[in-house]
Amino acid sequence: MNARGAVRVEFTPEQLAEVRRLQGLYPDRRAALLPVLQLAQEAFGHISLEAEEYVAGLFDLSPAHVHEVVTFYTLFFREPKGRHVISVCHNLTCHLLGAQQVLAHLKERLGVEVGGTTPDGRVTLLGVECLCACEMAPMLQVDDRYEGNLTREKVDWILEGLA
Amino acid sequence: MAEKILTRNFHLPGSHTLVLYRETGGYAGLEKAFAMKPAEITEEVKKSNLRGLGGAGFPTGVKWGFLPQGHPGPVYLVINADEGEPGTFKDRYLLERDPHALIEGMIISAYAIGAHLAFVYIRGEYVQPWRIFGRAVAEAYEAGLLGKNIRGSGFDLDVIVHRGAGAYICGEETGLISSLEGKKGWPKLKPPFPAIRGAFGAPTIVNNVETICHVPHIMNRGAAWFAGLGTKSQGGTRMYSVSGHVTRPGVYELPVSATLRSLIYEHAGGIPGGRRLKAVVPGGSSAVLLTADEIDVTLDVDGLKNAGTMAGSAGVIVMDETVSIPEALMVVARFYAHESCGQCTPCRESTGWIYKMARRIVEGKGRKEDLDTILDVARRGAGTTICAFFDGAVGPYISYIEKFRHEFEALIRK
Ligand SMILES: Cc1cc2nc3c(=O)[nH]c(=O)nc-3n(C[C@H](O)[C@H](O)[C@H](O)COP(=O)(O)O)c2cc1C
Ligand code: SF4
Ligand code: FES
């Protein structure tokens, strides 16, 4: 990080070695674009236009191609996100079993709308399509983890665990 | 109680480890397969009546048979673990609780089709399943079950585990291939089918996780045994994902000849609170809706097809009498509007219009002509698009309205 808290858009030598390993894995090195973008998001927090251009350079691809790919997928963030991301499933089964109440409770507790990030940068709240864990509806994903059978108490407990 | 095959180890601690998989008979199917010629394996899979469990229900052995004979370049096997069809969660269980079944199935299938490189495309949100499956792949490499000269057979296979980045359409096989190649997940017009021209331009077989997990058992116990478990046109058991208003939501493995009623009332424990059933989505959200008196049907591909719907991904969503069908349609329509890849005009435009109309009906601002407009727009677009996504949306659009028109009209009149 530089003085202004912005992450420099450049991989470390270790990360570059991983990029080369990924590019060598596939029959066509361009197939490593998604994994490398995943790496970029981990390293830089989100994928800015600058990051798109940087990654494009690593593949000899046009920045426009990388932009097209980044904007196609929901798991790539183009703006800074919170330290934690809570994605509430609002598809059919979760809707039937109370996703709207879960979302309302989270909006109230966090003081943000869906798509928003708390002012302290702690949590980004999203509504998402079926996470394919409908047996535990209503459910959400918090960072890497699925949490289901949600109640107000369980949602509060999840929030307490987030630094 | 019918025998469990794919889920038999799910309850055992350590079911995801190679040690346990071996102790419970794992990798015996591979030994048998290596003693056979590749073409004999494909023949055996044909005879087993195994049908693809990802959604389309296509006979697996027949698909393998479409590969060009004596192709000079590489051939690839791609496992579809992009599970995204609303109401479906079985592949997640397989990846987490029996990853070696998938690996063994992949080795046998790759050997049968002559592939030396296989890809497993796992949806990006499945972080835990990806970690567990990735560890199993590492274990398999260490044990000489992947890599060069697998168990002295002379057969080589490498596996690349590839993660998606959030897009339902990447579950469609040609969209998946585009995504695997590092592009946005736009489906392609077929033909050519992937078996002729797929990943990286090479002949490619795309199969669902559950489909491939069946293959070791077919090797082990024979095609006749597998075919005998099912109906005349579909062999084996299948994992049904049951969710919504049932007492025990979860995954149930049953012979495909079981009925929807028994799945809901016997296995999943029926509707809680003594409430009545209103409707059931039998095969993932893209399936035509069934009403409460249409559930005496068998769950095989042809049984549900004859009932005017589809087995699809076997995601069963149960709705009790308290559910508002217009609201359910709004939720489903939002999904299709969000997930259309935008490539075909009828799909891109209609999914958006229909969501808007469904929403205004639910909000009490519906217009009299809205229902017929939705039906008209849906019917006109059906069958005109590059991939089956839009046809999958048309099923719910039409059936929710036709089977529960009075509920929509009641909201519009108000
Ligand atoms: C819109 C759409 C989404 C699909 N999603 C999936 C999916 O998530 N998983 C899957 O296995 N198949 C999915 N399919 C079906 C695949 O295109 C393909 O038929 C399947 O992976 C083939 O495997 P199988 O023959 O073993 O079923 C989808 C199809 C469409 C049209
Ligand atoms: S039907 Fe829809 S999802 Fe499929 S290719 Fe066309 S626009 Fe994309
Ligand atoms: S509907 Fe929420 S996980 Fe499937």
# chains A, B, ... in the order shown; residues from 1 in each chain; ligands from 1
$ select_by_dssp --residues "region 308-369 of chain B" --states "helix (DSSP H, G or I)" --output "mmCIF file with C-alpha atoms, in the first residue's frame"
data_model
loop_
_atom_site.group_PDB
_atom_site.id
_atom_site.type_symbol
_atom_site.label_atom_id
_atom_site.label_comp_id
_atom_site.auth_asym_id
_atom_site.auth_seq_id
_atom_site.Cartn_x
_atom_site.Cartn_y
_atom_site.Cartn_z
ATOM 1 C CA ILE B 325 -47.785 -17.611 -7.398
ATOM 2 C CA PRO B 326 -47.549 -14.126 -8.957
ATOM 3 C CA GLU B 327 -44.905 -13.262 -6.380
ATOM 4 C CA ALA B 328 -43.074 -16.510 -7.131
ATOM 5 C CA LEU B 329 -43.163 -15.650 -10.835
ATOM 6 C CA MET B 330 -41.760 -12.206 -10.089
ATOM 7 C CA VAL B 331 -38.822 -13.753 -8.247
ATOM 8 C CA VAL B 332 -38.186 -16.279 -10.995
ATOM 9 C CA ALA B 333 -38.529 -13.598 -13.702
ATOM 10 C CA ARG B 334 -36.013 -11.402 -11.903
ATOM 11 C CA PHE B 335 -33.567 -14.311 -12.027
ATOM 12 C CA TYR B 336 -33.921 -14.794 -15.794
ATOM 13 C CA ALA B 337 -33.715 -11.054 -16.459
ATOM 14 C CA HIS B 338 -30.532 -10.890 -14.410
ATOM 15 C CA GLU B 339 -28.890 -13.962 -15.909
ATOM 16 C CA THR B 345 -32.541 -10.053 -28.771
ATOM 17 C CA PRO B 346 -35.662 -12.078 -27.836
ATOM 18 C CA CYS B 347 -34.020 -13.349 -24.663
ATOM 19 C CA ARG B 348 -32.346 -10.106 -23.619
ATOM 20 C CA GLU B 349 -35.442 -7.961 -24.196
ATOM 21 C CA SER B 350 -38.227 -10.339 -23.167
ATOM 22 C CA THR B 351 -36.691 -11.406 -19.878
ATOM 23 C CA GLY B 352 -36.499 -7.728 -18.896
ATOM 24 C CA TRP B 353 -40.030 -6.861 -20.043
ATOM 25 C CA ILE B 354 -41.552 -9.878 -18.391
ATOM 26 C CA TYR B 355 -39.844 -9.152 -15.088
ATOM 27 C CA LYS B 356 -41.168 -5.582 -15.195
ATOM 28 C CA MET B 357 -44.693 -6.736 -15.924
ATOM 29 C CA ALA B 358 -44.629 -9.470 -13.260
ATOM 30 C CA ARG B 359 -43.378 -6.919 -10.782
ATOM 31 C CA ARG B 360 -46.009 -4.356 -11.495
ATOM 32 C CA ILE B 361 -48.707 -6.998 -11.213
ATOM 33 C CA VAL B 362 -47.436 -7.933 -7.745
#
$ closest_atom_pairs --of "chain B" --to "ligand 2" --cutoff "7 Å" --atoms "only C-alpha atoms and all ligand atoms" --output "Markdown table"
| residue | atom | partner | partner_atom_place_in_ligand_line | distance |
| --- | --- | --- | --- | --- |
| B:Ile169 | CA | ligand 2 | 3 (S) | 6.1 |
| B:Trp186 | CA | ligand 2 | 5 (S) | 6.1 |
| B:Pro187 | CA | ligand 2 | 5 (S) | 5.0 |
| B:Lys188 | CA | ligand 2 | 5 (S) | 6.9 |
| B:Ser340 | CA | ligand 2 | 3 (S) | 4.3 |
| B:Cys341 | CA | ligand 2 | 8 (Fe) | 4.0 |
| B:Gly342 | CA | ligand 2 | 7 (S) | 4.2 |
| B:Gln343 | CA | ligand 2 | 7 (S) | 4.0 |
| B:Cys344 | CA | ligand 2 | 7 (S) | 3.9 |
| B:Thr345 | CA | ligand 2 | 7 (S) | 6.6 |
| B:Cys347 | CA | ligand 2 | 2 (Fe) | 4.5 |
| B:Arg348 | CA | ligand 2 | 7 (S) | 5.3 |
| B:Thr385 | CA | ligand 2 | 1 (S) | 4.6 |
| B:Ile386 | CA | ligand 2 | 5 (S) | 4.6 |
| B:Cys387 | CA | ligand 2 | 4 (Fe) | 4.0 |
| B:Ala388 | CA | ligand 2 | 1 (S) | 5.9 |
| B:Phe389 | CA | ligand 2 | 4 (Fe) | 4.7 |
| B:Phe390 | CA | ligand 2 | 1 (S) | 4.7 |
$ residues_near_ligand --ligand "ligand 3" --cutoff "6 Å" --atoms "only C-alpha atoms and all ligand atoms" --output "PyMOL selection string"
(chain A and resi 89-94+130-134+137) or (chain B and resi 86-87)
$ write_last_selection --atoms "N, CA and C atoms" --output "tab-separated table (two decimals), in the first residue's frame"
chain	number	residue	atom	x	y	z
A	89	CYS	N	-29.09	-14.68	-0.57
A	89	CYS	CA	-29.79	-15.29	-1.70
A	89	CYS	C	-31.24	-14.83	-1.70
A	90	HIS	N	-31.70	-14.32	-2.83
A	90	HIS	CA	-33.12	-13.91	-2.91
A	90	HIS	C	-33.87	-14.69	-3.98
A	91	ASN	N	-33.37	-15.85	-4.35
A	91	ASN	CA	-34.08	-16.65	-5.34
A	91	ASN	C	-35.25	-17.40	-4.68
A	92	LEU	N	-35.89	-18.28	-5.46
A	92	LEU	CA	-37.22	-18.76	-5.09
A	92	LEU	C	-37.33	-19.40	-3.70
A	93	THR	N	-36.54	-20.44	-3.42
A	93	THR	CA	-36.72	-21.11	-2.14
A	93	THR	C	-36.42	-20.17	-0.98
A	94	CYS	N	-35.35	-19.42	-1.10
A	94	CYS	CA	-35.01	-18.48	-0.02
A	94	CYS	C	-36.10	-17.42	0.13
A	130	CYS	N	-29.71	-17.77	-6.80
A	130	CYS	CA	-29.57	-19.04	-6.06
A	130	CYS	C	-28.11	-19.47	-5.88
A	131	LEU	N	-27.72	-19.64	-4.62
A	131	LEU	CA	-26.37	-20.11	-4.30
A	131	LEU	C	-26.34	-21.63	-4.21
A	132	CYS	N	-27.45	-22.26	-4.56
A	132	CYS	CA	-27.54	-23.71	-4.60
A	132	CYS	C	-27.21	-24.35	-3.25
A	133	ALA	N	-27.88	-23.79	-2.25
A	133	ALA	CA	-27.88	-24.38	-0.92
A	133	ALA	C	-29.28	-24.18	-0.36
A	134	CYS	N	-30.27	-24.44	-1.22
A	134	CYS	CA	-31.66	-24.13	-0.90
A	134	CYS	C	-32.16	-24.99	0.26
A	137	ALA	N	-32.32	-22.85	3.28
A	137	ALA	CA	-32.96	-21.55	3.08
A	137	ALA	C	-33.69	-21.09	4.34
B	86	PRO	N	-31.65	-22.85	-10.05
B	86	PRO	CA	-32.32	-22.64	-8.75
B	86	PRO	C	-33.05	-23.89	-8.27
B	87	GLY	N	-32.81	-24.25	-7.02
B	87	GLY	CA	-33.45	-25.41	-6.43
B	87	GLY	C	-32.57	-26.65	-6.44
$ interface_residues --of "chain B" --to "chain A" --cutoff "7 Å" --atoms "only C-alpha atoms" --output "list of chain:residue names"
B:Gly84, B:Pro86, B:Gly87, B:Thr88, B:Phe89, B:Val127, B:Ala165, B:Gly166, B:Ala167, B:Leu180, B:Glu181, B:Gly182, B:Lys183, B:Lys184, B:Val242, B:Ser243, B:Gly244, B:Pro249, B:Gly250, B:Ile317, B:Ala328, B:Val331, B:Val332, B:Phe335
$ residues_near_ligand --ligand "ligand 1" --cutoff "8 Å" --atoms "only C-alpha atoms and all ligand atoms" --output "ChimeraX atom specification"
/B:51-60,63,79-85,168-174,206-212,313,387-390,392
$ closest_residue --among "B:Leu176, B:Ala140, B:Val19, B:Leu102" --to "His214 (chain B)" --atoms "only C-alpha atoms"
B:Leu102
$ select_by_dssp --residues "region 99-318 of chain B" --states "strand (DSSP E)" --output "tab-separated table (two decimals) with N, CA, C and O atoms, in the first residue's frame"
chain	number	residue	atom	x	y	z
B	117	LEU	N	-6.52	-34.86	-20.78
B	117	LEU	CA	-6.65	-33.66	-19.97
B	117	LEU	C	-8.14	-33.47	-19.69
B	117	LEU	O	-8.97	-33.57	-20.60
B	118	ALA	N	-8.45	-33.25	-18.41
B	118	ALA	CA	-9.84	-33.04	-18.03
B	118	ALA	C	-9.94	-31.77	-17.19
B	118	ALA	O	-9.01	-31.44	-16.45
B	119	PHE	N	-11.02	-31.07	-17.36
B	119	PHE	CA	-11.26	-29.84	-16.61
B	119	PHE	C	-12.48	-30.04	-15.72
B	119	PHE	O	-13.45	-30.68	-16.12
B	120	VAL	N	-12.42	-29.48	-14.53
B	120	VAL	CA	-13.60	-29.45	-13.67
B	120	VAL	C	-13.93	-27.99	-13.45
B	120	VAL	O	-13.14	-27.25	-12.85
B	121	TYR	N	-15.06	-27.56	-13.98
B	121	TYR	CA	-15.46	-26.15	-13.89
B	121	TYR	C	-16.41	-26.00	-12.70
B	121	TYR	O	-17.56	-26.44	-12.77
B	122	ILE	N	-15.91	-25.40	-11.62
B	122	ILE	CA	-16.71	-25.27	-10.38
B	122	ILE	C	-17.16	-23.82	-10.23
B	122	ILE	O	-16.36	-22.90	-10.37
B	158	ASP	N	-4.31	-35.72	-16.75
B	158	ASP	CA	-4.17	-34.57	-15.87
B	158	ASP	C	-5.51	-33.91	-15.68
B	158	ASP	O	-6.37	-33.93	-16.57
B	159	VAL	N	-5.69	-33.33	-14.49
B	159	VAL	CA	-6.95	-32.67	-14.16
B	159	VAL	C	-6.68	-31.23	-13.77
B	159	VAL	O	-5.80	-30.96	-12.94
B	160	ILE	N	-7.41	-30.31	-14.40
B	160	ILE	CA	-7.32	-28.90	-14.03
B	160	ILE	C	-8.64	-28.49	-13.39
B	160	ILE	O	-9.71	-28.68	-13.98
B	161	VAL	N	-8.55	-27.98	-12.18
B	161	VAL	CA	-9.75	-27.50	-11.50
B	161	VAL	C	-9.86	-26.00	-11.78
B	161	VAL	O	-8.95	-25.24	-11.47
B	162	HIS	N	-10.94	-25.62	-12.41
B	162	HIS	CA	-11.11	-24.25	-12.89
B	162	HIS	C	-12.31	-23.63	-12.18
B	162	HIS	O	-13.36	-24.26	-12.08
B	163	ARG	N	-12.14	-22.41	-11.69
B	163	ARG	CA	-13.25	-21.76	-10.97
B	163	ARG	C	-13.96	-20.74	-11.82
B	163	ARG	O	-13.32	-19.93	-12.50
B	204	THR	N	-14.84	-32.31	-27.47
B	204	THR	CA	-14.93	-32.20	-26.01
B	204	THR	C	-16.22	-32.83	-25.52
B	204	THR	O	-17.29	-32.61	-26.11
B	205	ILE	N	-16.11	-33.62	-24.49
B	205	ILE	CA	-17.31	-34.16	-23.85
B	205	ILE	C	-17.55	-33.37	-22.57
B	205	ILE	O	-16.67	-33.26	-21.72
B	206	VAL	N	-18.75	-32.80	-22.47
B	206	VAL	CA	-19.14	-32.10	-21.25
B	206	VAL	C	-20.16	-32.96	-20.53
B	206	VAL	O	-21.18	-33.35	-21.12
B	207	ASN	N	-19.86	-33.30	-19.29
B	207	ASN	CA	-20.81	-34.06	-18.48
B	207	ASN	C	-20.93	-33.46	-17.10
B	207	ASN	O	-19.98	-32.88	-16.57
B	208	ASN	N	-22.09	-33.66	-16.53
B	208	ASN	CA	-22.38	-33.20	-15.18
B	208	ASN	C	-21.65	-34.07	-14.13
B	208	ASN	O	-21.34	-35.23	-14.38
B	237	THR	N	-30.19	-44.59	-10.23
B	237	THR	CA	-30.82	-43.72	-9.25
B	237	THR	C	-30.44	-42.30	-9.63
B	237	THR	O	-29.68	-42.08	-10.56
B	238	ARG	N	-30.94	-41.37	-8.84
B	238	ARG	CA	-30.63	-39.97	-9.11
B	238	ARG	C	-30.77	-39.22	-7.80
B	238	ARG	O	-31.56	-39.61	-6.93
B	239	MET	N	-30.04	-38.15	-7.66
B	239	MET	CA	-30.12	-37.36	-6.42
B	239	MET	C	-31.09	-36.20	-6.61
B	239	MET	O	-30.88	-35.32	-7.44
B	240	TYR	N	-32.15	-36.23	-5.82
B	240	TYR	CA	-33.16	-35.18	-5.88
B	240	TYR	C	-32.88	-34.15	-4.79
B	240	TYR	O	-32.74	-34.51	-3.62
B	241	SER	N	-32.81	-32.90	-5.18
B	241	SER	CA	-32.65	-31.82	-4.21
B	241	SER	C	-34.05	-31.33	-3.88
B	241	SER	O	-34.78	-30.90	-4.78
B	242	VAL	N	-34.43	-31.40	-2.62
B	242	VAL	CA	-35.78	-30.98	-2.24
B	242	VAL	C	-35.69	-29.79	-1.29
B	242	VAL	O	-34.98	-29.84	-0.28
B	243	SER	N	-36.40	-28.72	-1.64
B	243	SER	CA	-36.37	-27.53	-0.78
B	243	SER	C	-37.73	-26.85	-0.77
B	243	SER	O	-38.64	-27.24	-1.51
B	244	GLY	N	-37.86	-25.86	0.06
B	244	GLY	CA	-39.13	-25.13	0.17
B	244	GLY	C	-39.93	-25.63	1.35
B	244	GLY	O	-39.38	-25.96	2.40
B	250	GLY	N	-33.54	-31.44	1.71
B	250	GLY	CA	-32.24	-32.09	1.59
B	250	GLY	C	-32.12	-32.85	0.29
B	250	GLY	O	-32.97	-32.72	-0.60
B	251	VAL	N	-31.06	-33.65	0.21
B	251	VAL	CA	-30.81	-34.45	-0.98
B	251	VAL	C	-31.31	-35.87	-0.73
B	251	VAL	O	-30.98	-36.47	0.29
B	252	TYR	N	-32.10	-36.41	-1.65
B	252	TYR	CA	-32.59	-37.78	-1.54
B	252	TYR	C	-32.22	-38.55	-2.78
B	252	TYR	O	-32.53	-38.12	-3.89
B	253	GLU	N	-31.53	-39.66	-2.58
B	253	GLU	CA	-31.20	-40.50	-3.73
B	253	GLU	C	-32.24	-41.59	-3.87
B	253	GLU	O	-32.45	-42.39	-2.95
B	254	LEU	N	-32.90	-41.63	-5.02
B	254	LEU	CA	-33.96	-42.60	-5.26
B	254	LEU	C	-33.84	-43.15	-6.66
B	254	LEU	O	-33.29	-42.49	-7.54
B	255	PRO	N	-34.39	-44.35	-6.88
B	255	PRO	CA	-34.47	-44.84	-8.27
B	255	PRO	C	-35.32	-43.85	-9.07
B	255	PRO	O	-36.26	-43.26	-8.51
B	277	LEU	N	-50.55	-28.59	-0.01
B	277	LEU	CA	-49.63	-28.32	-1.11
B	277	LEU	C	-50.33	-27.45	-2.15
B	277	LEU	O	-51.50	-27.64	-2.44
B	278	LYS	N	-49.57	-26.49	-2.71
B	278	LYS	CA	-50.14	-25.72	-3.82
B	278	LYS	C	-49.49	-26.08	-5.16
B	278	LYS	O	-50.18	-26.39	-6.11
B	279	ALA	N	-48.18	-26.07	-5.20
B	279	ALA	CA	-47.51	-26.30	-6.48
B	279	ALA	C	-46.10	-26.81	-6.24
B	279	ALA	O	-45.53	-26.61	-5.17
B	280	VAL	N	-45.54	-27.46	-7.27
B	280	VAL	CA	-44.18	-27.99	-7.17
B	280	VAL	C	-43.42	-27.69	-8.47
B	280	VAL	O	-43.92	-27.91	-9.57
B	281	VAL	N	-42.21	-27.19	-8.29
B	281	VAL	CA	-41.27	-27.08	-9.41
B	281	VAL	C	-40.49	-28.39	-9.39
B	281	VAL	O	-39.77	-28.65	-8.43
B	290	LEU	N	-45.90	-27.79	-11.61
B	290	LEU	CA	-46.98	-28.77	-11.46
B	290	LEU	C	-47.89	-28.33	-10.32
B	290	LEU	O	-47.41	-27.79	-9.32
B	291	THR	N	-49.19	-28.57	-10.48
B	291	THR	CA	-50.11	-28.24	-9.39
B	291	THR	C	-50.19	-29.42	-8.42
B	291	THR	O	-49.69	-30.51	-8.72
B	315	GLY	N	-34.06	-30.54	-9.24
B	315	GLY	CA	-34.24	-29.61	-8.11
B	315	GLY	C	-35.73	-29.43	-7.87
B	315	GLY	O	-36.44	-28.90	-8.72
B	316	VAL	N	-36.21	-29.92	-6.75
B	316	VAL	CA	-37.65	-29.92	-6.47
B	316	VAL	C	-37.97	-28.84	-5.44
B	316	VAL	O	-37.49	-28.89	-4.31
B	317	ILE	N	-38.75	-27.85	-5.86
B	317	ILE	CA	-39.11	-26.75	-4.95
B	317	ILE	C	-40.59	-26.86	-4.63
B	317	ILE	O	-41.44	-26.85	-5.53
B	318	VAL	N	-40.88	-27.00	-3.35
B	318	VAL	CA	-42.25	-27.27	-2.91
B	318	VAL	C	-42.88	-26.00	-2.35
B	318	VAL	O	-42.29	-25.31	-1.52
$ closest_residue --among "B:Arg197, B:Arg151, B:His100, B:Leu18" --to "Tyr76 (chain B)" --atoms "only C-alpha atoms"
B:Arg197
$ residues_around --residues "Ala104 (chain A)" --least-positions-apart "3" --cutoff "12 Å" --atoms "only C-alpha atoms" --output "MDAnalysis selection string"
chainID A and resid 88 90 98:101 107:114 125:127 152 155
$ atom_distance --atom1 "CA of Pro80 (chain A)" --atom2 "CA of Gly45 (chain A)"
6.5 Å
